[in-house]
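Dropping upload-v1.txt in here (compact mmCIF, C-alpha atoms and all ligand atoms):
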# COMPACT_ATOMS: atom_id res chain seq x y z
CA MET A 1 1.40 -25.02 4.53
CA ASN A 2 3.32 -24.14 1.40
CA ILE A 3 2.85 -20.50 0.50
CA LEU A 4 3.80 -18.45 -2.55
CA LEU A 5 4.14 -14.70 -2.01
CA LEU A 6 4.21 -12.43 -5.06
CA GLY A 7 6.24 -9.21 -5.16
CA SER A 8 9.73 -7.89 -4.58
CA GLY A 9 9.72 -4.80 -2.34
CA GLY A 10 10.07 -3.84 1.31
CA ARG A 11 6.41 -4.74 1.80
CA GLU A 12 7.07 -8.28 0.61
CA HIS A 13 10.13 -8.63 2.84
CA ALA A 14 7.95 -7.58 5.81
CA LEU A 15 5.18 -10.04 4.85
CA ALA A 16 7.74 -12.82 4.29
CA TRP A 17 9.48 -12.02 7.59
CA LYS A 18 6.17 -12.25 9.44
CA MET A 19 5.01 -15.45 7.71
CA SER A 20 8.37 -17.11 8.30
CA GLN A 21 7.66 -16.95 12.07
CA SER A 22 4.53 -19.09 11.75
CA SER A 23 4.43 -22.66 13.00
CA LEU A 24 1.85 -23.33 10.29
CA LEU A 25 4.35 -22.61 7.53
CA THR A 26 6.12 -25.47 5.79
CA LYS A 27 7.73 -23.76 2.80
CA LEU A 28 7.65 -20.12 1.75
CA PHE A 29 8.46 -19.10 -1.81
CA ILE A 30 8.68 -15.52 -3.02
CA ALA A 31 8.35 -14.56 -6.70
CA PRO A 32 10.51 -12.77 -7.61
CA GLY A 33 11.54 -11.53 -4.12
CA ASN A 34 14.71 -9.66 -3.18
CA THR A 35 17.82 -10.19 -1.05
CA GLY A 36 15.74 -9.71 2.11
CA THR A 37 13.01 -12.19 1.23
CA ALA A 38 15.73 -14.76 0.49
CA LEU A 39 16.43 -14.74 4.26
CA CYS A 40 12.83 -15.81 4.97
CA GLY A 41 12.18 -18.34 2.22
CA THR A 42 13.15 -19.31 -1.32
CA ASN A 43 13.11 -16.74 -4.09
CA VAL A 44 11.75 -17.91 -7.41
CA ASN A 45 12.63 -16.10 -10.60
CA ILE A 46 9.09 -15.49 -11.88
CA ALA A 47 7.50 -12.07 -12.44
CA ALA A 48 4.46 -11.32 -10.28
CA THR A 49 2.35 -10.82 -13.42
CA ASP A 50 3.44 -13.98 -15.26
CA PHE A 51 0.28 -15.92 -14.41
CA GLU A 52 1.06 -19.00 -16.51
CA SER A 53 4.46 -19.53 -14.86
CA ILE A 54 2.96 -18.85 -11.42
CA LYS A 55 0.29 -21.48 -12.07
CA LYS A 56 2.86 -24.06 -13.11
CA PHE A 57 5.01 -23.30 -10.08
CA CYS A 58 2.02 -23.68 -7.75
CA ILE A 59 1.15 -27.09 -9.18
CA ASP A 60 4.75 -28.35 -9.14
CA ASN A 61 5.36 -27.19 -5.56
CA ALA A 62 2.03 -28.05 -3.93
CA ILE A 63 1.32 -24.43 -3.03
CA GLU A 64 -1.67 -24.06 -0.72
CA ILE A 65 -2.09 -20.27 -0.61
CA VAL A 66 -0.95 -17.50 -2.95
CA VAL A 67 -0.45 -14.14 -1.21
CA VAL A 68 -0.33 -11.14 -3.53
CA GLY A 69 1.81 -8.18 -2.43
CA PRO A 70 1.46 -5.52 -5.16
CA GLU A 71 -1.68 -4.28 -6.94
CA GLU A 72 -0.71 -5.04 -10.52
CA PRO A 73 -1.38 -8.82 -10.54
CA LEU A 74 -4.70 -8.18 -8.76
CA VAL A 75 -5.86 -5.46 -11.14
CA LYS A 76 -4.83 -7.78 -14.00
CA GLY A 77 -7.02 -10.53 -12.56
CA ILE A 78 -4.83 -13.16 -10.89
CA TYR A 79 -7.69 -14.10 -8.57
CA ASP A 80 -10.01 -14.81 -11.52
CA PHE A 81 -7.22 -16.59 -13.42
CA PHE A 82 -6.87 -19.09 -10.56
CA LYS A 83 -10.59 -19.42 -9.98
CA GLU A 84 -11.35 -20.18 -13.63
CA ASP A 85 -8.65 -22.81 -14.11
CA VAL A 86 -9.54 -26.30 -12.84
CA SER A 87 -5.91 -27.21 -12.27
CA VAL A 88 -5.46 -24.44 -9.67
CA ASN A 89 -8.92 -23.39 -8.52
CA HIS A 90 -8.39 -25.25 -5.25
CA ILE A 91 -5.59 -22.80 -4.34
CA PRO A 92 -6.92 -19.66 -2.63
CA VAL A 93 -5.48 -16.29 -3.63
CA ILE A 94 -5.25 -13.66 -0.89
CA GLY A 95 -6.48 -10.61 -2.75
CA PRO A 96 -9.65 -9.45 -4.49
CA SER A 97 -11.12 -10.46 -7.82
CA LYS A 98 -10.39 -8.26 -10.84
CA LYS A 99 -13.68 -6.47 -10.23
CA GLY A 100 -12.91 -5.93 -6.52
CA ALA A 101 -9.44 -4.63 -7.41
CA GLN A 102 -11.15 -1.86 -9.38
CA LEU A 103 -11.46 -0.09 -6.02
CA GLU A 104 -7.79 0.71 -6.63
CA GLY A 105 -7.58 0.23 -10.41
CA SER A 106 -10.21 2.83 -11.28
CA LYS A 107 -10.68 6.05 -9.32
CA ALA A 108 -14.07 6.54 -11.03
CA PHE A 109 -15.17 3.05 -9.92
CA ALA A 110 -14.06 3.79 -6.34
CA LYS A 111 -15.85 7.16 -6.29
CA ALA A 112 -19.08 5.64 -7.62
CA PHE A 113 -18.81 2.86 -5.00
CA MET A 114 -18.37 5.41 -2.20
CA GLU A 115 -21.25 7.54 -3.44
CA LYS A 116 -23.54 4.54 -3.72
CA HIS A 117 -22.71 3.28 -0.23
CA HIS A 118 -22.68 6.70 1.48
CA ILE A 119 -19.02 6.55 2.40
CA PRO A 120 -17.65 10.05 3.13
CA SER A 121 -15.31 11.27 0.39
CA ALA A 122 -14.60 14.45 -1.59
CA GLY A 123 -17.27 15.59 -4.08
CA TYR A 124 -16.34 14.74 -7.69
CA ARG A 125 -17.21 14.50 -11.37
CA GLU A 126 -15.64 12.31 -14.05
CA PHE A 127 -14.72 13.39 -17.56
CA ASP A 128 -13.27 11.91 -20.75
CA GLU A 129 -13.09 12.83 -24.43
CA SER A 130 -16.88 12.66 -24.78
CA ASN A 131 -17.56 15.46 -22.27
CA TYR A 132 -14.22 17.24 -22.42
CA GLU A 133 -15.62 20.76 -23.06
CA GLU A 134 -18.04 20.36 -20.19
CA GLY A 135 -15.06 19.39 -18.04
CA VAL A 136 -13.17 22.56 -18.92
CA ALA A 137 -16.20 24.67 -17.96
CA TYR A 138 -16.58 22.64 -14.76
CA LEU A 139 -12.96 23.27 -13.82
CA GLN A 140 -13.30 27.00 -14.41
CA ALA A 141 -16.26 27.20 -12.05
CA HIS A 142 -14.59 24.96 -9.40
CA SER A 143 -13.17 26.18 -6.09
CA LEU A 144 -9.36 26.11 -5.72
CA PRO A 145 -7.25 24.05 -5.30
CA ILE A 146 -8.60 21.43 -7.71
CA VAL A 147 -7.60 17.76 -7.52
CA LEU A 148 -7.22 15.92 -10.86
CA LYS A 149 -6.88 12.15 -10.77
CA ALA A 150 -6.06 9.84 -13.65
CA ASP A 151 -8.70 7.12 -13.50
CA GLY A 152 -6.32 4.16 -13.90
CA LEU A 153 -3.09 2.97 -12.30
CA ALA A 154 -0.29 5.51 -12.83
CA ALA A 155 2.46 4.25 -10.51
CA GLY A 156 1.41 6.65 -7.73
CA LYS A 157 1.88 9.68 -9.99
CA GLY A 158 -1.64 10.16 -11.33
CA VAL A 159 -2.89 12.71 -8.79
CA ILE A 160 -2.27 16.40 -9.48
CA ILE A 161 -3.30 19.17 -7.13
CA CYS A 162 -3.73 22.41 -9.10
CA GLN A 163 -3.54 25.80 -7.42
CA ASN A 164 -4.96 27.84 -10.32
CA TYR A 165 -7.26 27.48 -13.33
CA ILE A 166 -4.57 27.79 -16.01
CA GLU A 167 -2.66 24.87 -14.51
CA ALA A 168 -5.85 22.85 -14.00
CA VAL A 169 -7.01 23.22 -17.62
CA ALA A 170 -3.49 22.54 -18.93
CA GLU A 171 -3.18 19.34 -16.86
CA PHE A 172 -6.70 18.29 -17.80
CA GLU A 173 -5.80 18.64 -21.48
CA LEU A 174 -2.51 16.80 -21.02
CA MET A 175 -4.22 13.94 -19.24
CA ILE A 176 -7.20 13.43 -21.55
CA GLN A 177 -5.97 14.65 -24.92
CA GLN A 178 -2.22 14.02 -24.74
CA SER A 179 -2.48 10.75 -22.74
CA LYS A 180 -0.08 12.03 -20.08
CA PHE A 181 -0.52 8.77 -18.16
CA GLY A 182 -1.34 6.64 -21.20
CA ASP A 183 -4.72 4.92 -21.08
CA ALA A 184 -4.85 5.56 -17.33
CA SER A 185 -5.73 9.23 -17.93
CA LYS A 186 -8.25 8.76 -20.76
CA LYS A 187 -10.73 9.30 -17.98
CA VAL A 188 -10.12 11.89 -15.24
CA VAL A 189 -11.78 12.34 -11.87
CA VAL A 190 -12.03 15.99 -10.80
CA GLU A 191 -12.29 16.19 -7.06
CA GLU A 192 -12.74 18.75 -4.30
CA PHE A 193 -9.61 19.45 -2.30
CA LEU A 194 -9.80 18.27 1.32
CA SER A 195 -7.59 19.85 3.92
CA GLY A 196 -6.54 17.70 6.84
CA ILE A 197 -4.10 15.11 8.11
CA GLU A 198 -3.77 11.70 6.46
CA MET A 199 -3.41 8.17 7.77
CA SER A 200 -3.77 4.61 6.49
CA VAL A 201 -6.19 2.01 7.79
CA PHE A 202 -5.65 -1.66 6.95
CA VAL A 203 -8.53 -4.09 6.81
CA LEU A 204 -8.25 -7.80 6.14
CA THR A 205 -11.53 -9.32 4.98
CA ASP A 206 -12.74 -12.78 4.04
CA GLY A 207 -15.61 -11.23 2.11
CA VAL A 208 -18.02 -11.39 5.05
CA ASN A 209 -16.04 -10.73 8.22
CA TYR A 210 -13.12 -8.42 8.71
CA VAL A 211 -10.34 -7.48 11.13
CA ILE A 212 -8.48 -4.20 11.45
CA LEU A 213 -4.70 -4.31 11.60
CA PRO A 214 -2.57 -1.65 13.31
CA GLU A 215 -2.99 1.71 11.57
CA ALA A 216 -0.08 3.70 10.14
CA LYS A 217 0.95 6.99 8.60
CA ASP A 218 3.41 7.26 5.74
CA TYR A 219 5.68 10.09 4.60
CA LYS A 220 5.60 10.44 0.83
CA ARG A 221 7.72 13.47 0.02
CA ILE A 222 11.46 13.24 -0.59
CA GLY A 223 12.32 16.23 1.59
CA GLU A 224 12.08 16.98 5.28
CA GLY A 225 8.95 18.82 6.44
CA ASP A 226 7.05 17.04 3.62
CA LYS A 227 8.62 19.15 0.91
CA GLY A 228 9.71 18.24 -2.60
CA LEU A 229 8.74 15.49 -4.99
CA ASN A 230 6.46 12.58 -4.23
CA THR A 231 8.12 9.20 -3.74
CA GLY A 232 6.97 5.66 -3.12
CA GLY A 233 7.33 6.45 0.60
CA MET A 234 10.22 7.66 2.75
CA GLY A 235 9.06 6.32 6.09
CA ALA A 236 6.09 5.33 8.21
CA ILE A 237 4.95 5.19 11.79
CA SER A 238 2.47 3.13 13.81
CA PRO A 239 0.44 3.80 15.89
CA VAL A 240 -0.80 7.16 14.63
CA PRO A 241 -1.04 9.56 17.57
CA PHE A 242 -4.27 11.29 16.45
CA ALA A 243 -6.02 8.01 15.67
CA ASP A 244 -7.49 7.65 19.14
CA GLU A 245 -10.27 5.28 20.10
CA ALA A 246 -13.02 7.79 19.27
CA PHE A 247 -11.63 8.56 15.81
CA MET A 248 -11.06 4.87 15.02
CA GLN A 249 -14.67 4.15 16.02
CA LYS A 250 -15.84 6.82 13.56
CA ILE A 251 -13.71 5.26 10.84
CA ILE A 252 -15.18 1.84 11.57
CA ALA A 253 -18.78 3.05 11.61
CA GLN A 254 -18.63 5.51 8.71
CA VAL A 255 -16.06 3.88 6.44
CA VAL A 256 -15.09 0.27 7.19
CA GLU A 257 -18.56 -1.18 7.89
CA PRO A 258 -20.18 0.44 4.82
CA THR A 259 -17.20 -0.63 2.69
CA ILE A 260 -17.55 -4.28 3.69
CA LYS A 261 -21.32 -4.12 3.31
CA GLY A 262 -20.89 -2.48 -0.12
CA ILE A 263 -18.47 -5.19 -1.25
CA ARG A 264 -21.05 -7.82 -0.31
CA GLU A 265 -24.01 -6.00 -1.84
CA ASP A 266 -22.14 -5.37 -5.07
CA LYS A 267 -20.87 -8.99 -5.10
CA LEU A 268 -17.27 -7.91 -5.60
CA GLU A 269 -15.62 -11.18 -4.41
CA TYR A 270 -13.04 -9.83 -2.09
CA ALA A 271 -10.86 -11.88 0.25
CA GLY A 272 -7.74 -9.92 1.06
CA PHE A 273 -6.39 -6.59 2.22
CA ILE A 274 -8.16 -3.27 1.85
CA PHE A 275 -5.91 -0.29 2.48
CA ILE A 276 -8.03 2.78 3.10
CA GLY A 277 -6.34 6.18 2.79
CA ILE A 278 -8.13 8.41 5.28
CA ILE A 279 -7.95 12.17 5.71
CA LYS A 280 -9.14 13.70 8.98
CA VAL A 281 -11.00 16.91 8.23
CA GLY A 282 -11.90 18.58 11.52
CA GLU A 283 -12.95 15.56 13.54
CA GLU A 284 -14.40 13.62 10.60
CA PRO A 285 -12.85 10.85 8.44
CA PHE A 286 -13.02 11.06 4.64
CA VAL A 287 -11.72 8.45 2.22
CA ILE A 288 -8.96 9.69 -0.09
CA GLU A 289 -8.43 6.36 -1.82
CA TYR A 290 -8.76 2.62 -1.64
CA ASN A 291 -5.92 0.22 -2.40
CA CYS A 292 -6.43 -3.50 -2.84
CA ARG A 293 -3.18 -4.44 -1.07
CA MET A 294 -1.03 -3.43 1.89
CA GLY A 295 0.92 -0.16 1.83
CA ASP A 296 4.63 0.20 1.34
CA PRO A 297 6.38 1.27 3.60
CA GLU A 298 3.40 0.98 6.01
CA THR A 299 3.64 -2.84 6.04
CA GLU A 300 7.12 -2.47 7.47
CA VAL A 301 5.61 -0.95 10.64
CA VAL A 302 2.31 -2.85 10.68
CA MET A 303 3.84 -6.37 10.59
CA PRO A 304 6.30 -5.80 13.46
CA ARG A 305 3.39 -4.58 15.66
CA LEU A 306 1.06 -7.43 14.73
CA ARG A 307 1.23 -10.21 17.31
CA ASN A 308 -1.07 -12.65 15.52
CA ASP A 309 0.28 -15.43 13.35
CA LEU A 310 -0.07 -14.04 9.80
CA VAL A 311 -0.40 -17.48 8.21
CA ALA A 312 -3.25 -18.24 10.66
CA LEU A 313 -4.91 -15.00 9.56
CA PHE A 314 -4.62 -15.97 5.90
CA LYS A 315 -6.01 -19.40 6.71
CA ALA A 316 -8.98 -17.76 8.42
CA VAL A 317 -9.51 -15.65 5.29
CA THR A 318 -9.63 -18.75 3.10
CA THR A 319 -12.08 -20.53 5.41
CA GLN A 320 -14.18 -17.40 6.02
CA LYS A 321 -13.50 -17.58 9.74
CA LEU A 322 -12.07 -14.14 10.43
CA ASP A 323 -14.91 -13.63 12.94
CA GLU A 324 -13.06 -16.06 15.23
CA VAL A 325 -9.88 -13.94 15.19
CA ASN A 326 -8.85 -11.27 17.67
CA ILE A 327 -6.12 -8.94 16.54
CA GLU A 328 -3.37 -8.48 19.10
CA THR A 329 -1.05 -5.55 18.79
CA ASP A 330 2.35 -4.77 20.29
CA PRO A 331 1.83 -1.62 22.38
CA ARG A 332 5.22 -0.27 21.38
CA SER A 333 5.66 2.29 18.62
CA ALA A 334 7.19 1.29 15.33
CA ALA A 335 8.91 3.61 12.87
CA THR A 336 10.50 2.79 9.58
CA VAL A 337 12.98 5.06 7.84
CA VAL A 338 13.66 4.41 4.17
CA ALA A 339 17.14 4.75 2.70
CA VAL A 340 16.97 5.74 -0.97
CA SER A 341 19.43 6.03 -3.84
CA GLY A 342 20.95 9.44 -4.60
CA GLY A 343 18.78 11.27 -7.15
CA TYR A 344 15.58 9.33 -6.36
CA PRO A 345 12.70 9.92 -7.21
CA GLY A 346 14.43 11.23 -10.33
CA GLU A 347 17.22 9.35 -12.10
CA TYR A 348 19.56 7.33 -9.92
CA GLU A 349 22.32 4.79 -10.31
CA LYS A 350 22.12 1.17 -9.23
CA GLY A 351 24.71 -1.40 -8.25
CA LYS A 352 26.23 0.48 -5.30
CA PRO A 353 27.65 -1.89 -2.65
CA ILE A 354 25.84 -1.62 0.70
CA GLU A 355 28.17 -1.63 3.71
CA GLY A 356 27.38 -2.28 7.35
CA LEU A 357 24.41 -4.66 7.05
CA ASP A 358 26.32 -7.41 8.87
CA LEU A 359 27.06 -5.10 11.83
CA ILE A 360 23.45 -4.73 12.91
CA GLN A 361 22.51 -6.72 15.98
CA GLU A 362 19.98 -4.44 17.62
CA GLU A 363 17.12 -6.58 18.93
CA GLU A 364 14.35 -4.10 18.33
CA THR A 365 15.41 -3.25 14.78
CA ILE A 366 14.70 -5.05 11.53
CA VAL A 367 16.28 -4.06 8.24
CA PHE A 368 13.79 -4.72 5.45
CA HIS A 369 15.17 -4.85 1.94
CA ALA A 370 13.34 -3.01 -0.84
CA GLY A 371 15.64 -2.52 -3.84
CA THR A 372 18.67 -4.75 -3.21
CA LYS A 373 20.46 -7.47 -5.13
CA GLN A 374 23.10 -10.05 -4.30
CA GLU A 375 26.22 -9.81 -6.44
CA GLY A 376 28.65 -12.51 -5.39
CA GLU A 377 29.43 -11.86 -1.74
CA THR A 378 28.14 -8.28 -1.86
CA ILE A 379 24.65 -6.84 -1.52
CA VAL A 380 24.19 -3.92 -3.91
CA THR A 381 21.47 -1.34 -4.54
CA ALA A 382 18.93 -2.29 -7.19
CA GLY A 383 16.19 0.33 -6.92
CA GLY A 384 15.17 3.81 -5.76
CA ARG A 385 14.02 2.73 -2.33
CA VAL A 386 16.80 0.47 -1.07
CA LEU A 387 16.15 -0.39 2.60
CA ALA A 388 13.42 0.25 5.15
CA VAL A 389 14.84 0.21 8.67
CA THR A 390 12.14 -0.45 11.25
CA SER A 391 12.58 -0.11 15.00
CA LEU A 392 10.28 -0.63 17.94
CA GLY A 393 10.45 1.68 20.92
CA ASN A 394 8.48 2.76 23.95
CA THR A 395 7.79 6.10 22.30
CA LEU A 396 7.52 7.18 18.70
CA GLN A 397 10.60 9.34 19.06
CA LYS A 398 12.66 6.47 20.47
CA SER A 399 11.69 4.20 17.58
CA VAL A 400 12.65 6.85 15.01
CA GLU A 401 15.95 7.57 16.77
CA LYS A 402 16.84 3.88 16.83
CA SER A 403 16.26 3.49 13.10
CA MET A 404 18.33 6.57 12.38
CA ALA A 405 21.18 5.30 14.55
CA ILE A 406 21.18 2.09 12.51
CA LEU A 407 21.21 4.09 9.28
CA GLU A 408 24.36 5.81 10.50
CA VAL A 409 26.02 2.37 10.44
CA ILE A 410 24.78 1.48 6.95
CA GLU A 411 26.38 3.11 3.97
CA PHE A 412 26.16 3.15 0.20
CA ASP A 413 27.24 5.72 -2.32
CA GLY A 414 24.55 8.45 -2.63
CA MET A 415 22.40 7.13 0.24
CA HIS A 416 19.73 9.54 1.47
CA PHE A 417 17.09 9.28 4.19
CA ARG A 418 14.71 11.66 5.93
CA LYS A 419 15.63 12.57 9.47
CA ASP A 420 12.19 13.87 10.44
CA ILE A 421 9.87 10.86 10.21
CA GLY A 422 7.04 11.42 12.70
CA TYR A 423 8.06 15.06 13.14
CA GLU A 424 4.54 16.46 13.65
CA PHE A 425 4.08 14.37 16.76
CA TYR A 426 7.03 15.25 18.96
P1 LIG A 501 -4.22 9.08 -4.15
O1 LIG A 501 -3.35 8.46 -5.20
O2 LIG A 501 -5.67 9.16 -4.50
O3 LIG A 501 -3.95 8.53 -2.81
O4 LIG A 501 -3.69 10.57 -3.96
C1 LIG A 501 -2.35 10.84 -3.67
C2 LIG A 501 -2.24 11.93 -2.65
O5 LIG A 501 -2.89 13.12 -3.14
C3 LIG A 501 -2.97 11.62 -1.35
O6 LIG A 501 -2.20 10.88 -0.48
C4 LIG A 501 -3.26 13.00 -0.83
O7 LIG A 501 -2.13 13.55 -0.18
C5 LIG A 501 -3.52 13.80 -2.08
N1 LIG A 501 -4.96 13.89 -2.35
C6 LIG A 501 -5.69 13.03 -3.09
N2 LIG A 501 -6.98 13.42 -3.12
C7 LIG A 501 -7.07 14.53 -2.40
C8 LIG A 501 -8.14 15.42 -2.05
N3 LIG A 501 -9.39 15.23 -2.50
N4 LIG A 501 -7.85 16.47 -1.27
C9 LIG A 501 -6.60 16.70 -0.84
N5 LIG A 501 -5.55 15.91 -1.12
C10 LIG A 501 -5.77 14.85 -1.90
N1 LIG A 502 2.52 4.10 0.99
C1 LIG A 502 1.46 4.27 0.08
C2 LIG A 502 1.18 3.12 -0.77
O1 LIG A 502 1.64 2.01 -0.58
O2 LIG A 502 0.41 3.29 -1.72

Turn this file's structure into structure tokens for me.
Amino acid sequence: MNILLLGSGGREHALAWKMSQSSLLTKLFIAPGNTGTALCGTNVNIAATDFESIKKFCIDNAIEIVVVGPEEPLVKGIYDFFKEDVSVNHIPVIGPSKKGAQLEGSKAFAKAFMEKHHIPSAGYREFDESNYEEGVAYLQAHSLPIVLKADGLAAGKGVIICQNYIEAVAEFELMIQQSKFGDASKKVVVEEFLSGIEMSVFVLTDGVNYVILPEAKDYKRIGEGDKGLNTGGMGAISPVPFADEAFMQKIIAQVVEPTIKGIREDKLEYAGFIFIGIIKVGEEPFVIEYNCRMGDPETEVVMPRLRNDLVALFKAVTTQKLDEVNIETDPRSAATVVAVSGGYPGEYEKGKPIEGLDLIQEEETIVFHAGTKQEGETIVTAGGRVLAVTSLGNTLQKSVEKSMAILEVIEFDGMHFRKDIGYEFY
């Protein structure tokens, strides 16, 4: 099969790496890709949201499946774009319809979906300009802390946890009246704060059947001990030690099954990944968020533990035969440690040469590229998150240690990485 993968981060390198191992694959193209994806297939210089160019490329190159990495093309409706155009409606897109992608694209949509289908989640109300004053009064009567969420996509920055009323009202005003996150915060979801430990569950559905991929936990803060600013993700582990059989069964019964049933009942047209952010409160799972794609850097630990052929899984999605698939998982632990540019998540410089990549020969380690670029003979930094180094090991600690040892060999000016990924568990 000829496959086109959209995206350019560590997640896409991990998906490309996994697909490139499939005997079903003929040609893999990645648009736009990065230096890492170029090792697994052919990069194509097309933006993941340039639907017209993507369509033309698919026709010219006999593409048989389009796999969408990031959320933006999905929320913008790439699925519907393909479906509605006779020249490409024979090419399946792995990912939900525009309406299905609202599970990620609109927090208010996701909350209403969860309420309707009795999926456990924090209590909430939604506000905009029309009921702004009511919102202020609601905040002042709310228990602390208060969680404010911009309704729309805000590059992972739209959630603010407020510890007092002054801050909550100020943020509320900034979001709704000063468009702090542009149109994304014209509407705000005000949510109860849940206290617990988080993890990510990955479901692949064909719209009727589903499979569950290895679970993971990511580390979002820049600093050790989960301190400091939020980032795109500084590391991830899989499996998650507290996600035992009993807890996973609860997640399946209380969250995954009703989600799939809800998607069908609401006719959301959804054939792709559902990433469910779960928080364990006491012994019970609650949904923090839905995403309509895989996580980054979670994919960099999920793919190395997945034993199934990923192209075969995608084929089963397109033929609605996921019920015939059994997911097989590598029993080893996987950890990924992300090397970021100095200054990230604030301002940082790009174009720093990366040394040591050619020295890595460790069998159980894979260096996934996130923000890298080829400049002549040299690979240079091209983003905040630069590399995600994944290792497999017999224990979580061993996998983390291996990745850190590799990161001692790699060097670029200003490089930073967390040395405590998985710290709560050993
Ligand atoms: P989201 O973009 O909805 O995933 O939120 C980003 C982060 O904010 C989550 O990963 C949680 O750490 C935190 N968060 C979101 N909602 C809540 C909540 N209701 N209670 C506690 N923490 C939350
Ligand atoms: N690692 C969190 C995300 O991909 O949204």

So which one's closest to Asn164 (chain A), A:Val208, A:Leu5, A:Val147, A:Val338? Using all atoms listed in the file, please.
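Result for the nearest residue to Asn164 (chain A): A:Val147.
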
Applying 8 Å and all atoms listed in the file, which residues near region 220-227 of chain A remain after dropping the ones on its own chain fewer than 5 positions away? List them as a list of chain:residue names.
A:Gly232, A:Gly233, A:Met234, A:Gly235, A:Pro345, A:Arg418, A:Lys419, A:Asp420, A:Tyr423

Cut-off 8 Å, only C-alpha atoms and all ligand atoms, neighbours of ligand LIG 501 (chain A) as a list in words
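Within the 8 Å cut-off, the matching residues are Lys107, Ser121, Ala122, Val147, Lys149, Gly156, Lys157, Gly158, Val159, Ile160, Ile161, Glu191, Glu192, Phe193, Leu194, Ser195, Gly196, Glu198, Lys220, Gly277, Ile288, Glu289 and Tyr290 of chain A.
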
Got a sec to check which residues lie within 6 Å of ligand LIG 502 (chain A), using all atoms listed in the file, and send them as a list in words?
Asp218, Gly233, Gly295, Asp296, Pro297 and Glu298 of chain A

Selection near Gly371 (chain A), 9 Å with only C-alpha atoms, sequence-local residues under 6 positions removed, as a ChimeraX atom specification:
/A:8-10,34-35,340,380-387

Using the incomplete input, complete region 174-185 of chain A to the level of N, CA, C and O atoms; output as a PDB file, keeping the file's coordinate frame.
ATOM      1  N   LEU A 174      -3.611  17.765 -20.912  1.00  0.00           N
ATOM      2  CA  LEU A 174      -2.510  16.800 -21.020  1.00  0.00           C
ATOM      3  C   LEU A 174      -2.978  15.378 -20.707  1.00  0.00           C
ATOM      4  O   LEU A 174      -2.599  14.414 -21.375  1.00  0.00           O
ATOM      5  N   MET A 175      -3.786  15.275 -19.666  1.00  0.00           N
ATOM      6  CA  MET A 175      -4.220  13.940 -19.240  1.00  0.00           C
ATOM      7  C   MET A 175      -5.163  13.303 -20.262  1.00  0.00           C
ATOM      8  O   MET A 175      -4.950  12.168 -20.695  1.00  0.00           O
ATOM      9  N   ILE A 176      -6.182  14.047 -20.677  1.00  0.00           N
ATOM     10  CA  ILE A 176      -7.200  13.430 -21.550  1.00  0.00           C
ATOM     11  C   ILE A 176      -6.762  13.433 -23.018  1.00  0.00           C
ATOM     12  O   ILE A 176      -6.870  12.414 -23.699  1.00  0.00           O
ATOM     13  N   GLN A 177      -6.232  14.558 -23.481  1.00  0.00           N
ATOM     14  CA  GLN A 177      -5.970  14.650 -24.920  1.00  0.00           C
ATOM     15  C   GLN A 177      -4.554  14.222 -25.309  1.00  0.00           C
ATOM     16  O   GLN A 177      -4.331  13.786 -26.426  1.00  0.00           O
ATOM     17  N   GLN A 178      -3.601  14.398 -24.400  1.00  0.00           N
ATOM     18  CA  GLN A 178      -2.220  14.020 -24.740  1.00  0.00           C
ATOM     19  C   GLN A 178      -1.809  12.709 -24.041  1.00  0.00           C
ATOM     20  O   GLN A 178      -0.624  12.391 -23.994  1.00  0.00           O
ATOM     21  N   SER A 179      -2.747  12.031 -23.421  1.00  0.00           N
ATOM     22  CA  SER A 179      -2.480  10.750 -22.740  1.00  0.00           C
ATOM     23  C   SER A 179      -1.258  10.817 -21.825  1.00  0.00           C
ATOM     24  O   SER A 179      -0.373   9.961 -21.884  1.00  0.00           O
ATOM     25  N   LYS A 180      -1.224  11.848 -20.973  1.00  0.00           N
ATOM     26  CA  LYS A 180      -0.080  12.030 -20.080  1.00  0.00           C
ATOM     27  C   LYS A 180       0.262  10.756 -19.300  1.00  0.00           C
ATOM     28  O   LYS A 180       1.422  10.440 -19.076  1.00  0.00           O
ATOM     29  N   PHE A 181      -0.757  10.045 -18.870  1.00  0.00           N
ATOM     30  CA  PHE A 181      -0.520   8.770 -18.160  1.00  0.00           C
ATOM     31  C   PHE A 181      -1.031   7.594 -18.993  1.00  0.00           C
ATOM     32  O   PHE A 181      -1.537   6.609 -18.447  1.00  0.00           O
ATOM     33  N   GLY A 182      -0.880   7.703 -20.304  1.00  0.00           N
ATOM     34  CA  GLY A 182      -1.340   6.640 -21.200  1.00  0.00           C
ATOM     35  C   GLY A 182      -2.847   6.448 -21.079  1.00  0.00           C
ATOM     36  O   GLY A 182      -3.574   7.410 -20.835  1.00  0.00           O
ATOM     37  N   ASP A 183      -3.284   5.192 -21.185  1.00  0.00           N
ATOM     38  CA  ASP A 183      -4.720   4.920 -21.080  1.00  0.00           C
ATOM     39  C   ASP A 183      -5.280   5.276 -19.713  1.00  0.00           C
ATOM     40  O   ASP A 183      -6.475   5.523 -19.578  1.00  0.00           O
ATOM     41  N   ALA A 184      -4.396   5.284 -18.703  1.00  0.00           N
ATOM     42  CA  ALA A 184      -4.850   5.560 -17.330  1.00  0.00           C
ATOM     43  C   ALA A 184      -5.510   6.924 -17.213  1.00  0.00           C
ATOM     44  O   ALA A 184      -6.363   7.130 -16.343  1.00  0.00           O
ATOM     45  N   SER A 185      -5.123   7.888 -18.064  1.00  0.00           N
ATOM     46  CA  SER A 185      -5.730   9.230 -17.930  1.00  0.00           C
ATOM     47  C   SER A 185      -6.694   9.548 -19.073  1.00  0.00           C
ATOM     48  O   SER A 185      -7.031  10.708 -19.288  1.00  0.00           O
TER      49      SER A 185
END
